[in-house]
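Novice: So that you have it, the file is work_3.txt, and it contains compact mmCIF, N, CA and C atoms:
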```
# COMPACT_ATOMS: atom_id res chain seq x y z
N MET A 580 78.21 181.93 254.35
CA MET A 580 77.66 182.60 253.19
C MET A 580 77.39 181.56 252.11
N THR A 581 76.15 181.53 251.61
CA THR A 581 75.81 180.57 250.56
C THR A 581 75.76 181.28 249.22
N ALA A 582 76.25 180.62 248.22
CA ALA A 582 76.23 181.18 246.88
C ALA A 582 74.92 180.79 246.20
N GLN A 583 74.25 181.78 245.65
CA GLN A 583 73.03 181.49 244.91
C GLN A 583 73.39 181.38 243.44
N THR A 584 72.94 180.33 242.83
CA THR A 584 73.18 180.17 241.40
C THR A 584 71.84 180.08 240.69
N GLU A 585 71.80 180.68 239.55
CA GLU A 585 70.61 180.63 238.72
C GLU A 585 70.88 179.69 237.56
N THR A 586 69.89 178.95 237.19
CA THR A 586 70.02 178.11 236.02
C THR A 586 69.75 178.96 234.80
N LEU A 587 70.71 178.98 233.90
CA LEU A 587 70.58 179.72 232.65
C LEU A 587 70.48 178.71 231.51
N ILE A 588 69.60 178.99 230.56
CA ILE A 588 69.43 178.08 229.43
C ILE A 588 69.69 178.84 228.13
N ASP A 589 70.18 178.11 227.13
CA ASP A 589 70.45 178.73 225.84
C ASP A 589 69.20 178.64 224.96
N ALA A 590 69.32 179.20 223.76
CA ALA A 590 68.18 179.23 222.84
C ALA A 590 67.69 177.83 222.48
N GLY A 591 68.60 176.89 222.35
CA GLY A 591 68.20 175.52 222.03
C GLY A 591 67.35 174.90 223.12
N ALA A 592 67.77 175.07 224.37
CA ALA A 592 67.00 174.53 225.50
C ALA A 592 65.67 175.24 225.65
N LEU A 593 65.66 176.55 225.41
CA LEU A 593 64.42 177.31 225.49
C LEU A 593 63.45 176.86 224.39
N ALA A 594 63.99 176.63 223.20
CA ALA A 594 63.15 176.15 222.10
C ALA A 594 62.51 174.81 222.45
N LYS A 595 63.29 173.90 223.03
CA LYS A 595 62.74 172.60 223.43
C LYS A 595 61.65 172.78 224.48
N LYS A 596 61.90 173.66 225.45
CA LYS A 596 60.93 173.89 226.53
C LYS A 596 59.61 174.43 225.97
N LEU A 597 59.71 175.31 224.96
CA LEU A 597 58.52 175.94 224.40
C LEU A 597 57.99 175.18 223.18
N ASN A 598 58.67 174.09 222.81
CA ASN A 598 58.27 173.25 221.68
C ASN A 598 58.20 174.04 220.38
N VAL A 599 59.23 174.84 220.12
CA VAL A 599 59.35 175.59 218.87
C VAL A 599 60.77 175.41 218.34
N HIS A 600 61.01 175.87 217.14
CA HIS A 600 62.33 175.81 216.55
C HIS A 600 63.21 176.93 217.13
N GLU A 601 64.50 176.69 217.18
CA GLU A 601 65.44 177.68 217.72
C GLU A 601 65.38 179.00 216.94
N VAL A 602 65.11 178.95 215.65
CA VAL A 602 64.97 180.17 214.85
C VAL A 602 63.79 181.00 215.36
N THR A 603 62.75 180.33 215.79
CA THR A 603 61.59 181.02 216.35
C THR A 603 61.98 181.77 217.62
N ILE A 604 62.81 181.15 218.44
CA ILE A 604 63.28 181.81 219.67
C ILE A 604 64.03 183.08 219.30
N ARG A 605 64.92 183.00 218.34
CA ARG A 605 65.69 184.18 217.91
C ARG A 605 64.76 185.27 217.39
N ARG A 606 63.76 184.87 216.63
CA ARG A 606 62.80 185.84 216.09
C ARG A 606 61.99 186.49 217.22
N TRP A 607 61.52 185.66 218.15
CA TRP A 607 60.75 186.19 219.29
C TRP A 607 61.61 187.10 220.15
N GLN A 608 62.87 186.74 220.32
CA GLN A 608 63.76 187.57 221.14
C GLN A 608 63.94 188.94 220.48
N SER A 609 64.14 188.96 219.17
CA SER A 609 64.32 190.20 218.44
C SER A 609 63.08 191.08 218.45
N SER A 610 61.91 190.45 218.44
CA SER A 610 60.67 191.21 218.38
C SER A 610 60.07 191.51 219.75
N GLY A 611 60.70 191.04 220.82
CA GLY A 611 60.22 191.36 222.16
C GLY A 611 59.05 190.52 222.63
N LYS A 612 58.94 189.31 222.13
CA LYS A 612 57.83 188.45 222.54
C LYS A 612 58.16 187.58 223.74
N ILE A 613 59.43 187.46 224.08
CA ILE A 613 59.86 186.66 225.22
C ILE A 613 60.69 187.53 226.15
N PRO A 614 60.85 187.11 227.40
CA PRO A 614 61.66 187.91 228.33
C PRO A 614 63.07 188.16 227.79
N ALA A 615 63.63 189.27 228.20
CA ALA A 615 64.97 189.64 227.77
C ALA A 615 66.00 188.62 228.25
N PRO A 616 66.95 188.30 227.41
CA PRO A 616 67.98 187.35 227.81
C PRO A 616 69.07 188.02 228.64
N VAL A 617 69.91 187.19 229.21
CA VAL A 617 71.11 187.63 229.92
C VAL A 617 72.25 187.45 228.92
N ARG A 618 73.09 188.45 228.80
CA ARG A 618 74.22 188.35 227.87
C ARG A 618 75.51 188.18 228.67
N LEU A 619 76.24 187.13 228.34
CA LEU A 619 77.52 186.84 228.96
C LEU A 619 78.56 186.84 227.85
N GLY A 620 79.11 188.01 227.58
CA GLY A 620 79.98 188.14 226.42
C GLY A 620 79.13 187.95 225.18
N ALA A 621 79.51 187.01 224.35
CA ALA A 621 78.73 186.73 223.14
C ALA A 621 77.60 185.74 223.41
N ALA A 622 77.61 185.10 224.56
CA ALA A 622 76.58 184.10 224.89
C ALA A 622 75.28 184.76 225.29
N VAL A 623 74.19 184.21 224.82
CA VAL A 623 72.84 184.69 225.15
C VAL A 623 72.13 183.57 225.90
N ARG A 624 71.66 183.87 227.09
CA ARG A 624 70.99 182.87 227.93
C ARG A 624 69.74 183.49 228.56
N TRP A 625 68.84 182.62 228.99
CA TRP A 625 67.64 183.05 229.70
C TRP A 625 67.62 182.41 231.07
N ARG A 626 67.09 183.13 232.05
CA ARG A 626 66.95 182.59 233.40
C ARG A 626 65.77 181.62 233.41
N LEU A 627 66.03 180.38 233.75
CA LEU A 627 64.99 179.35 233.74
C LEU A 627 63.84 179.73 234.67
N LYS A 628 64.17 180.24 235.83
CA LYS A 628 63.14 180.62 236.81
C LYS A 628 62.23 181.72 236.23
N GLU A 629 62.83 182.67 235.51
CA GLU A 629 62.04 183.74 234.90
C GLU A 629 61.16 183.19 233.77
N ILE A 630 61.70 182.29 232.97
CA ILE A 630 60.92 181.69 231.88
C ILE A 630 59.73 180.93 232.45
N ASP A 631 59.95 180.18 233.53
CA ASP A 631 58.85 179.44 234.15
C ASP A 631 57.77 180.41 234.65
N ALA A 632 58.18 181.51 235.28
CA ALA A 632 57.22 182.50 235.78
C ALA A 632 56.48 183.16 234.61
N TRP A 633 57.20 183.43 233.54
CA TRP A 633 56.61 184.03 232.34
C TRP A 633 55.55 183.11 231.75
N ILE A 634 55.84 181.82 231.68
CA ILE A 634 54.88 180.84 231.17
C ILE A 634 53.64 180.80 232.07
N GLU A 635 53.86 180.78 233.39
CA GLU A 635 52.75 180.76 234.34
C GLU A 635 51.87 182.00 234.21
N SER A 636 52.47 183.11 233.75
CA SER A 636 51.73 184.36 233.58
C SER A 636 51.02 184.45 232.24
N GLY A 637 51.13 183.40 231.44
CA GLY A 637 50.42 183.38 230.16
C GLY A 637 51.25 183.85 228.98
N CYS A 638 52.56 183.93 229.13
CA CYS A 638 53.49 184.31 228.04
C CYS A 638 53.19 185.70 227.46
N PRO A 639 53.10 186.72 228.32
CA PRO A 639 52.83 188.06 227.79
C PRO A 639 54.04 188.60 227.01
N PRO A 640 53.81 189.57 226.11
CA PRO A 640 54.93 190.19 225.40
C PRO A 640 55.88 190.87 226.41
N ARG A 641 57.13 191.04 226.00
CA ARG A 641 58.16 191.57 226.91
C ARG A 641 57.75 192.85 227.63
N PRO A 642 57.21 193.89 226.96
CA PRO A 642 56.87 195.11 227.71
C PRO A 642 55.88 194.85 228.85
N LYS A 643 54.88 194.02 228.57
CA LYS A 643 53.88 193.69 229.60
C LYS A 643 54.52 192.84 230.70
N TRP A 644 55.40 191.91 230.30
CA TRP A 644 56.09 191.06 231.27
C TRP A 644 56.97 191.90 232.19
N GLU A 645 57.71 192.85 231.62
CA GLU A 645 58.59 193.70 232.44
C GLU A 645 57.79 194.49 233.46
N THR A 646 56.64 195.00 233.05
CA THR A 646 55.77 195.74 233.98
C THR A 646 55.29 194.81 235.09
N HIS A 647 54.87 193.62 234.72
CA HIS A 647 54.41 192.64 235.70
C HIS A 647 55.54 192.27 236.67
N ARG A 648 56.72 192.06 236.14
CA ARG A 648 57.88 191.68 236.95
C ARG A 648 58.26 192.78 237.93
N GLN A 649 58.24 194.04 237.45
CA GLN A 649 58.57 195.17 238.31
C GLN A 649 57.53 195.32 239.43
N SER A 650 56.27 195.10 239.11
CA SER A 650 55.20 195.18 240.12
C SER A 650 55.39 194.11 241.18
N ALA A 651 55.77 192.92 240.75
CA ALA A 651 55.98 191.82 241.69
C ALA A 651 57.17 192.11 242.60
N LYS A 652 58.23 192.68 242.05
CA LYS A 652 59.40 193.04 242.87
C LYS A 652 59.04 194.10 243.89
N ALA A 653 58.29 195.10 243.47
CA ALA A 653 57.88 196.19 244.37
C ALA A 653 57.00 195.66 245.50
N ALA A 654 56.15 194.70 245.18
CA ALA A 654 55.26 194.13 246.20
C ALA A 654 56.02 193.36 247.25
N LYS A 655 57.17 192.79 246.87
CA LYS A 655 57.98 192.04 247.83
C LYS A 655 58.72 192.96 248.80
N LEU A 656 58.96 194.20 248.39
CA LEU A 656 59.67 195.14 249.26
C LEU A 656 58.73 195.65 250.28
```
Would you mind writing the structure in this file as structure tokens?
Specialist:
Amino acid sequence: MTAQTETLIDAGALAKKLNVHEVTIRRWQSSGKIPAPVRLGAAVRWRLKEIDAWIESGCPPRPKWETHRQSAKAAKL
């Protein structure tokens, strides 16, 4: 049995990846402009693989991204 691990990044790393300030990440997260984060207790992280896919999709707002993501999951089944 192999363990699958996902790379999770914090707001600082996401800000660097997107070349914006960390405050911008917090603002975008609150307004639904970026994919939903994963919450681990008080820690807020984003899945790197999901962020990369979101960027490749043209950085759509969260509602549009969630629809796209659900469609992609359904297509794989």
Novice: How many Å lie between atom CA of A:Val602 and atom CA of A:Glu585, rounded to one decimal?
Specialist: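 Taking atom CA of A:Val602 as the start and atom CA of A:Glu585 as the end point, the length is 24.5 Å.
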Novice: Would you work out the distance separating atom C of A:Gly591 from atom N of A:Ser650, expressed in Å to one decimal?
Specialist: 28.0 Å
Novice: Identify all residues of stretch 604-651 of chain A in helix (DSSP H, G or I) (DSSP on the backbone) and supply them as an mmCIF file with N, CA and C atoms, keeping the file's coordinate frame.
Specialist:
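Output saved as states26.cif:
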```cif
data_model
loop_
_atom_site.group_PDB
_atom_site.id
_atom_site.type_symbol
_atom_site.label_atom_id
_atom_site.label_comp_id
_atom_site.auth_asym_id
_atom_site.auth_seq_id
_atom_site.Cartn_x
_atom_site.Cartn_y
_atom_site.Cartn_z
ATOM 1 N N ILE A 604 62.810 181.150 218.440
ATOM 2 C CA ILE A 604 63.280 181.810 219.670
ATOM 3 C C ILE A 604 64.030 183.080 219.300
ATOM 4 N N ARG A 605 64.920 183.000 218.340
ATOM 5 C CA ARG A 605 65.690 184.180 217.910
ATOM 6 C C ARG A 605 64.760 185.270 217.390
ATOM 7 N N ARG A 606 63.760 184.870 216.630
ATOM 8 C CA ARG A 606 62.800 185.840 216.090
ATOM 9 C C ARG A 606 61.990 186.490 217.220
ATOM 10 N N TRP A 607 61.520 185.660 218.150
ATOM 11 C CA TRP A 607 60.750 186.190 219.290
ATOM 12 C C TRP A 607 61.610 187.100 220.150
ATOM 13 N N GLN A 608 62.870 186.740 220.320
ATOM 14 C CA GLN A 608 63.760 187.570 221.140
ATOM 15 C C GLN A 608 63.940 188.940 220.480
ATOM 16 N N SER A 609 64.140 188.960 219.170
ATOM 17 C CA SER A 609 64.320 190.200 218.440
ATOM 18 C C SER A 609 63.080 191.080 218.450
ATOM 19 N N SER A 610 61.910 190.450 218.440
ATOM 20 C CA SER A 610 60.670 191.210 218.380
ATOM 21 C C SER A 610 60.070 191.510 219.750
ATOM 22 N N LEU A 627 66.030 180.380 233.750
ATOM 23 C CA LEU A 627 64.990 179.350 233.740
ATOM 24 C C LEU A 627 63.840 179.730 234.670
ATOM 25 N N LYS A 628 64.170 180.240 235.830
ATOM 26 C CA LYS A 628 63.140 180.620 236.810
ATOM 27 C C LYS A 628 62.230 181.720 236.230
ATOM 28 N N GLU A 629 62.830 182.670 235.510
ATOM 29 C CA GLU A 629 62.040 183.740 234.900
ATOM 30 C C GLU A 629 61.160 183.190 233.770
ATOM 31 N N ILE A 630 61.700 182.290 232.970
ATOM 32 C CA ILE A 630 60.920 181.690 231.880
ATOM 33 C C ILE A 630 59.730 180.930 232.450
ATOM 34 N N ASP A 631 59.950 180.180 233.530
ATOM 35 C CA ASP A 631 58.850 179.440 234.150
ATOM 36 C C ASP A 631 57.770 180.410 234.650
ATOM 37 N N ALA A 632 58.180 181.510 235.280
ATOM 38 C CA ALA A 632 57.220 182.500 235.780
ATOM 39 C C ALA A 632 56.480 183.160 234.610
ATOM 40 N N TRP A 633 57.200 183.430 233.540
ATOM 41 C CA TRP A 633 56.610 184.030 232.340
ATOM 42 C C TRP A 633 55.550 183.110 231.750
ATOM 43 N N ILE A 634 55.840 181.820 231.680
ATOM 44 C CA ILE A 634 54.880 180.840 231.170
ATOM 45 C C ILE A 634 53.640 180.800 232.070
ATOM 46 N N GLU A 635 53.860 180.780 233.390
ATOM 47 C CA GLU A 635 52.750 180.760 234.340
ATOM 48 C C GLU A 635 51.870 182.000 234.210
ATOM 49 N N ARG A 641 57.130 191.040 226.000
ATOM 50 C CA ARG A 641 58.160 191.570 226.910
ATOM 51 C C ARG A 641 57.750 192.850 227.630
ATOM 52 N N PRO A 642 57.210 193.890 226.960
ATOM 53 C CA PRO A 642 56.870 195.110 227.710
ATOM 54 C C PRO A 642 55.880 194.850 228.850
ATOM 55 N N LYS A 643 54.880 194.020 228.570
ATOM 56 C CA LYS A 643 53.880 193.690 229.600
ATOM 57 C C LYS A 643 54.520 192.840 230.700
ATOM 58 N N TRP A 644 55.400 191.910 230.300
ATOM 59 C CA TRP A 644 56.090 191.060 231.270
ATOM 60 C C TRP A 644 56.970 191.900 232.190
ATOM 61 N N GLU A 645 57.710 192.850 231.620
ATOM 62 C CA GLU A 645 58.590 193.700 232.440
ATOM 63 C C GLU A 645 57.790 194.490 233.460
ATOM 64 N N THR A 646 56.640 195.000 233.050
ATOM 65 C CA THR A 646 55.770 195.740 233.980
ATOM 66 C C THR A 646 55.290 194.810 235.090
ATOM 67 N N HIS A 647 54.870 193.620 234.720
ATOM 68 C CA HIS A 647 54.410 192.640 235.700
ATOM 69 C C HIS A 647 55.540 192.270 236.670
ATOM 70 N N ARG A 648 56.720 192.060 236.140
ATOM 71 C CA ARG A 648 57.880 191.680 236.950
ATOM 72 C C ARG A 648 58.260 192.780 237.930
ATOM 73 N N GLN A 649 58.240 194.040 237.450
ATOM 74 C CA GLN A 649 58.570 195.170 238.310
ATOM 75 C C GLN A 649 57.530 195.320 239.430
ATOM 76 N N SER A 650 56.270 195.100 239.110
ATOM 77 C CA SER A 650 55.200 195.180 240.120
ATOM 78 C C SER A 650 55.390 194.110 241.180
ATOM 79 N N ALA A 651 55.770 192.920 240.750
ATOM 80 C CA ALA A 651 55.980 191.820 241.690
ATOM 81 C C ALA A 651 57.170 192.110 242.600
#
```
Novice: Select all residues near (72.1, 186.9, 233.2) (cut-off 10 Å, inclusive, file coordinates), counting only C-alpha atoms, and output them as a PyMOL selection string.
Specialist: chain A and resi 585-588+615-619+622-626
Novice: Between A:Lys655, A:Glu629, A:Leu597, A:Gln649, which is the closest to A:Pro614 once you count all atoms listed in the file?
Specialist: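 So, comparing all the options, the nearest one is A:Glu629.
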Novice: Counting only C-alpha atoms, select every polymer residue within 12 Å of (56.8, 181.7, 231.8) as defined in the file's coordinates, and provide the selection as a list in words.
Specialist: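 It turns out the residues near that spot are Leu593, Lys596, Leu597, Lys612, Ile613, Pro614, Trp625, Arg626, Leu627, Lys628, Glu629, Ile630, Asp631, Ala632, Trp633, Ile634, Glu635, Ser636, Gly637, Cys638, Pro639, Pro640, Arg641, Trp644, His647 and Arg648 of chain A.
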Novice: Can you write out the residues you just picked, keeping N, CA and C atoms, as a PDB file, in the frame of the given file?
Specialist:
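File produced: part-v9.pdb:
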```pdb
ATOM      1  N   LEU A 593      65.660 176.550 225.410  1.00  0.00           N
ATOM      2  CA  LEU A 593      64.420 177.310 225.490  1.00  0.00           C
ATOM      3  C   LEU A 593      63.450 176.860 224.390  1.00  0.00           C
ATOM      4  N   LYS A 596      61.900 173.660 225.450  1.00  0.00           N
ATOM      5  CA  LYS A 596      60.930 173.890 226.530  1.00  0.00           C
ATOM      6  C   LYS A 596      59.610 174.430 225.970  1.00  0.00           C
ATOM      7  N   LEU A 597      59.710 175.310 224.960  1.00  0.00           N
ATOM      8  CA  LEU A 597      58.520 175.940 224.400  1.00  0.00           C
ATOM      9  C   LEU A 597      57.990 175.180 223.180  1.00  0.00           C
ATOM     10  N   LYS A 612      58.940 189.310 222.130  1.00  0.00           N
ATOM     11  CA  LYS A 612      57.830 188.450 222.540  1.00  0.00           C
ATOM     12  C   LYS A 612      58.160 187.580 223.740  1.00  0.00           C
ATOM     13  N   ILE A 613      59.430 187.460 224.080  1.00  0.00           N
ATOM     14  CA  ILE A 613      59.860 186.660 225.220  1.00  0.00           C
ATOM     15  C   ILE A 613      60.690 187.530 226.150  1.00  0.00           C
ATOM     16  N   PRO A 614      60.850 187.110 227.400  1.00  0.00           N
ATOM     17  CA  PRO A 614      61.660 187.910 228.330  1.00  0.00           C
ATOM     18  C   PRO A 614      63.070 188.160 227.790  1.00  0.00           C
ATOM     19  N   TRP A 625      68.840 182.620 228.990  1.00  0.00           N
ATOM     20  CA  TRP A 625      67.640 183.050 229.700  1.00  0.00           C
ATOM     21  C   TRP A 625      67.620 182.410 231.070  1.00  0.00           C
ATOM     22  N   ARG A 626      67.090 183.130 232.050  1.00  0.00           N
ATOM     23  CA  ARG A 626      66.950 182.590 233.400  1.00  0.00           C
ATOM     24  C   ARG A 626      65.770 181.620 233.410  1.00  0.00           C
ATOM     25  N   LEU A 627      66.030 180.380 233.750  1.00  0.00           N
ATOM     26  CA  LEU A 627      64.990 179.350 233.740  1.00  0.00           C
ATOM     27  C   LEU A 627      63.840 179.730 234.670  1.00  0.00           C
ATOM     28  N   LYS A 628      64.170 180.240 235.830  1.00  0.00           N
ATOM     29  CA  LYS A 628      63.140 180.620 236.810  1.00  0.00           C
ATOM     30  C   LYS A 628      62.230 181.720 236.230  1.00  0.00           C
ATOM     31  N   GLU A 629      62.830 182.670 235.510  1.00  0.00           N
ATOM     32  CA  GLU A 629      62.040 183.740 234.900  1.00  0.00           C
ATOM     33  C   GLU A 629      61.160 183.190 233.770  1.00  0.00           C
ATOM     34  N   ILE A 630      61.700 182.290 232.970  1.00  0.00           N
ATOM     35  CA  ILE A 630      60.920 181.690 231.880  1.00  0.00           C
ATOM     36  C   ILE A 630      59.730 180.930 232.450  1.00  0.00           C
ATOM     37  N   ASP A 631      59.950 180.180 233.530  1.00  0.00           N
ATOM     38  CA  ASP A 631      58.850 179.440 234.150  1.00  0.00           C
ATOM     39  C   ASP A 631      57.770 180.410 234.650  1.00  0.00           C
ATOM     40  N   ALA A 632      58.180 181.510 235.280  1.00  0.00           N
ATOM     41  CA  ALA A 632      57.220 182.500 235.780  1.00  0.00           C
ATOM     42  C   ALA A 632      56.480 183.160 234.610  1.00  0.00           C
ATOM     43  N   TRP A 633      57.200 183.430 233.540  1.00  0.00           N
ATOM     44  CA  TRP A 633      56.610 184.030 232.340  1.00  0.00           C
ATOM     45  C   TRP A 633      55.550 183.110 231.750  1.00  0.00           C
ATOM     46  N   ILE A 634      55.840 181.820 231.680  1.00  0.00           N
ATOM     47  CA  ILE A 634      54.880 180.840 231.170  1.00  0.00           C
ATOM     48  C   ILE A 634      53.640 180.800 232.070  1.00  0.00           C
ATOM     49  N   GLU A 635      53.860 180.780 233.390  1.00  0.00           N
ATOM     50  CA  GLU A 635      52.750 180.760 234.340  1.00  0.00           C
ATOM     51  C   GLU A 635      51.870 182.000 234.210  1.00  0.00           C
ATOM     52  N   SER A 636      52.470 183.110 233.750  1.00  0.00           N
ATOM     53  CA  SER A 636      51.730 184.360 233.580  1.00  0.00           C
ATOM     54  C   SER A 636      51.020 184.450 232.240  1.00  0.00           C
ATOM     55  N   GLY A 637      51.130 183.400 231.440  1.00  0.00           N
ATOM     56  CA  GLY A 637      50.420 183.380 230.160  1.00  0.00           C
ATOM     57  C   GLY A 637      51.250 183.850 228.980  1.00  0.00           C
ATOM     58  N   CYS A 638      52.560 183.930 229.130  1.00  0.00           N
ATOM     59  CA  CYS A 638      53.490 184.310 228.040  1.00  0.00           C
ATOM     60  C   CYS A 638      53.190 185.700 227.460  1.00  0.00           C
ATOM     61  N   PRO A 639      53.100 186.720 228.320  1.00  0.00           N
ATOM     62  CA  PRO A 639      52.830 188.060 227.790  1.00  0.00           C
ATOM     63  C   PRO A 639      54.040 188.600 227.010  1.00  0.00           C
ATOM     64  N   PRO A 640      53.810 189.570 226.110  1.00  0.00           N
ATOM     65  CA  PRO A 640      54.930 190.190 225.400  1.00  0.00           C
ATOM     66  C   PRO A 640      55.880 190.870 226.410  1.00  0.00           C
ATOM     67  N   ARG A 641      57.130 191.040 226.000  1.00  0.00           N
ATOM     68  CA  ARG A 641      58.160 191.570 226.910  1.00  0.00           C
ATOM     69  C   ARG A 641      57.750 192.850 227.630  1.00  0.00           C
ATOM     70  N   TRP A 644      55.400 191.910 230.300  1.00  0.00           N
ATOM     71  CA  TRP A 644      56.090 191.060 231.270  1.00  0.00           C
ATOM     72  C   TRP A 644      56.970 191.900 232.190  1.00  0.00           C
ATOM     73  N   HIS A 647      54.870 193.620 234.720  1.00  0.00           N
ATOM     74  CA  HIS A 647      54.410 192.640 235.700  1.00  0.00           C
ATOM     75  C   HIS A 647      55.540 192.270 236.670  1.00  0.00           C
ATOM     76  N   ARG A 648      56.720 192.060 236.140  1.00  0.00           N
ATOM     77  CA  ARG A 648      57.880 191.680 236.950  1.00  0.00           C
ATOM     78  C   ARG A 648      58.260 192.780 237.930  1.00  0.00           C
TER      79      ARG A 648
END
```
Novice: Just the number, please: distance in Å from atom C of A:Thr584 to atom CA of A:Ser610, one decimal.
Specialist: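 A separation of 27.3 Å between them.
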Novice: DSSP on the backbone: which residues in chain A end up as strand (DSSP E)? Give the answer as a PyMOL selection string.
Specialist: chain A and resi 587-588+617-619+622-626
